[in-house]
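Accompanying notes for the structure given below.
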Amino acid sequence: MLKNLLPSKPGTEPLAEALKACKTHFIWAFLFSALVNLLYLTPTLYMMQVYDRVVPTGGLTTLVLITAVAVFALAALAGLDWLRGRLMLRAGLRLDRLLSGKVLARVVDLQAKSPNTQALREFDNVRGAIGGQGMLALFDAPWTPIYLLCCFLLHPAIGVLTLVGGIILFTLAWLNERDTRPRLNKAIQSQNHAYAAQEGVASQAEVVRALGMRQSSIARQIEQRQLATAAQADAQLAGGHYSGAIKFLRLVMQSAALGLAAYLAVKSEITPGSIIAASVLLSRAVAPIELLVGVWPSLVQAVASWKTLTDLFAGTASVERERTTLPDPRGRLQVEGVSVKFPDTESPQLRGVAFSLKPGETLGIVGSSGSGKTTLARVIAGALKPQAGAVRLDGAEYEARDGDELARWIGYLPQVPSLFAGSIKDNISRFSTSIGVDQETADRNAVKAAMAAGAHELILRLPNGYDTVLGPYGQGLSAGQAQRVALARALYNDPVLLVLDEPNSNLDQEGEAALMQAILGAAARGAAVVIIAHRAGVLARVDRLLMMREGVVQLEGPREEVLEKMRATAGRPAAPAGQSTPQPPGQPQQRQAQPQPSAQPAQNHPRRTQ
Ligand SMILES: Nc1ncnc2c1ncn2[C@@H]1O[C@H](COP(=O)(O)OP(=O)(O)OP(=O)(O)O)[C@@H](O)[C@H]1O
């Protein structure tokens, strides 16, 4: 089991290194635990001395002496116990310092359908178990055999009683583990679902209110919460039966030890001092088992959380790969046979998409809803990793550059602007002052990007201009304003590749003109620009057009040639029900089912890919 817990898969190195950095803390805490457990024998030995030496002889000097020694030993015990607790707490804090940033980075990098946004909570579970009683209980466990040996030394009968009792207790602890672990795992899962649902509703509270979904969302949350609390209660009840039985058995064993020792003392097989010592020794021998049963739920939760973290790190292995520093790219984009299939879907959303773009060229991507335009934009922006194929910038695969270094060269305006809580200037400069860029440089570049996006005047008209602070999710701007600020953010630091996903969906005429200027400006300085648009205006001056259909590139080539093909295709017989072909940009939408483009194989320009 321990072997499974040690992170060995590629990508989990930071976890292994963090554990290694805390190794000294663990070793010292373990050694101190050994001393603490030895010193726990003090009361036993003290009692034996008092009953066997002081009481029969009335030797008060001896009493003072052994009392002084016992007090000293107990003080050392308390000190060492405090020290080992502190060491484990420090180990937890060190883990936090070494790993919390990396955990957050991995969460951001995770490509899964439902990223584990609770990874930090999972990490806190692990830290809590290390800094709390859980690990100390594990360190105490190996001392059970030592106390057992002491019981045998006292008298074999007392040893046998402790051994039999220990075996019964151990069996109960094992049954407890077997019964409660699946219940606890189920409880943890339901709890995570309930928290995630609650966060989802809280972040969409306005929509929930406006759509009159208050009662239904509360009912759904209560249902999930009830499932979670029922699963928790079930696990607690199952654990409670065992801990109750264990406590009962321990008390019975303690009394049985007293009785047996008294009988042996009457028979003069042990000294009277050993009577109470036998009971104390027995309870020390079984205490770690009882303690372990008590902390078991938190240990199980910590183990589950550790496994989740290991999977998270293994699933994002490429983040910390060593990479050769490459020259600055110029903006030559190559998309080679890219395929994407989202988890839990039947067929791929992108299939063998291929095209290329030179620096300074502009490409418009069109296609009906759900044809895969946004998915392709996400792949080109480096936000989504394709399952097959490659995307290259100046010949180098995206993977060849570190994620942040790659993002430095790409400007991305997603379909939903996705601004963050913070000032407008921080949003435009991508919060770069938080990673050491000086404020003056960041401000200068933010203003430059806003000017390139034609958003400078608009921002100056806001109540606090560039210092206007946005709320969570960038609240505080109109949809059009947000889109223009997000365009400025995309243009920050003059990226060589610009990916704009429906950049004009919320813009007025002035905004659209500014957008056009920004696109032409970026192309003029040599950036490759990819624009996805349903509305024709912004595509009027692109160099090339690419038409998507059901995840496949249907047409691709110089704008006029593709338009001609689309017009020609639009004159063909109607498509089967449920399918539609987008109109050439700039043409009015037809009322009837749209005609299908022909399925002829590709010929010269424009290219046709199936
Ligand atoms: N996270 C996801 N999980 C599963 N399927 C997804 C996911 N995102 C998108 N899809 C599916 O991928 C397909 C392509 O979606 P995409 O958003 O790329 O279309 P689009 O062409 O941009 O549409 P629109 O013009 O409406 O924005 C759709 O069938 C959609 O249902």
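Every chain in the structure tokens has a letter given in the order shown (A, B, ...), and although residue numbers restart at 1 in each chain, ligands are simply numbered from 1 in the order shown.
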
Each residue of stretch 291-353 of chain A with at least one atom at most 9 Å from stretch 14-38 of chain A should appear once, together with its nearest atom pair and the corresponding distance in Å (one decimal); atoms considered: only C-alpha atoms; ordering: chain, then increasing residue number; output as CSV.
```
residue,atom,partner,partner_atom,distance
A:Leu309,CA,A:Leu15,CA,8.6
A:Thr310,CA,A:Leu15,CA,7.6
A:Phe313,CA,A:Leu15,CA,8.1
```

Write a file of the selected residues as a compact mmCIF listing (two decimals), in the first residue's frame, keeping C-alpha atoms.
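Saved result, again29.txt, follows:
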```txt
# COMPACT_ATOMS: atom_id res chain seq x y z
CA LEU A 309 -2.99 14.76 -6.26
CA THR A 310 -0.70 12.07 -7.70
CA PHE A 313 0.47 15.62 -11.32
```

Item to check | DSSP alpha helix (DSSP H) residues within stretch 203-388 of chain A, listed as a ChimeraX atom specification | outcome: /A:203,205-210,214-266,273-315,373-380

Checklist entry - Which is closer to A:Leu282 than all the others in A:Leu136, A:Ala256, A:Leu546, A:Met566, using only C-alpha atoms? => result A:Ala256

Item to check | Residue neighbourhood stretch 195-201 of chain A, 8 Å, only C-alpha atoms, exclusion window fewer than 4 positions, as number ranges by chain | outcome: A: 191, 205, 208, 217, 221

Emit the selected residues as a tab-separated table (two decimals), in the first residue's frame, including N, CA and C atoms.
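part_2.tsv written:
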```tsv
chain	number	residue	atom	x	y	z
A	191	GLN	N	-19.57	14.42	-0.85
A	191	GLN	CA	-19.32	15.73	-0.27
A	191	GLN	C	-18.71	16.66	-1.35
A	205	ALA	N	-25.63	32.99	-9.22
A	205	ALA	CA	-26.80	33.33	-8.41
A	205	ALA	C	-27.77	34.25	-9.15
A	208	VAL	N	-29.80	32.35	-11.62
A	208	VAL	CA	-30.72	31.48	-10.87
A	208	VAL	C	-31.93	32.28	-10.42
A	217	SER	N	-33.08	25.06	-7.57
A	217	SER	CA	-31.65	24.86	-7.31
A	217	SER	C	-31.41	24.54	-5.83
A	221	GLN	N	-29.70	21.21	-4.46
A	221	GLN	CA	-28.54	21.25	-3.55
A	221	GLN	C	-28.80	20.48	-2.27
```

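Closest approach to A:Ala302 from the set A:Ala129, A:Ala105, A:Val552, A:Ala230 is made by A:Ala129, with distances taken over only C-alpha atoms.
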
Item to check | Protein and nucleic residues near ligand 1, 7 Å, only C-alpha atoms and all ligand atoms, as an NGL selection string | outcome: :A and (113 or 342-343 or 345 or 349 or 367-376 or 551)

Write out, as a compact mmCIF listing (two decimals), in the first residue's frame, the residues just selected, with C-alpha atoms.
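After the write, out-v9.txt holds the following:
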```txt
# COMPACT_ATOMS: atom_id res chain seq x y z
CA LYS A 113 -13.61 17.69 -18.93
CA PHE A 342 -13.84 15.32 -25.57
CA PRO A 343 -14.24 12.71 -22.84
CA THR A 345 -18.49 11.83 -26.34
CA GLN A 349 -15.22 17.05 -32.41
CA GLY A 367 -19.04 27.23 -40.20
CA SER A 368 -22.41 26.47 -38.67
CA SER A 369 -22.98 26.22 -34.89
CA GLY A 370 -21.28 23.21 -33.39
CA SER A 371 -19.05 22.65 -36.43
CA GLY A 372 -15.92 22.89 -34.26
CA LYS A 373 -14.73 26.49 -34.75
CA THR A 374 -14.28 27.29 -31.05
CA THR A 375 -12.67 23.92 -30.40
CA LEU A 376 -10.19 24.66 -33.20
CA GLY A 551 -15.30 18.91 -37.18
```
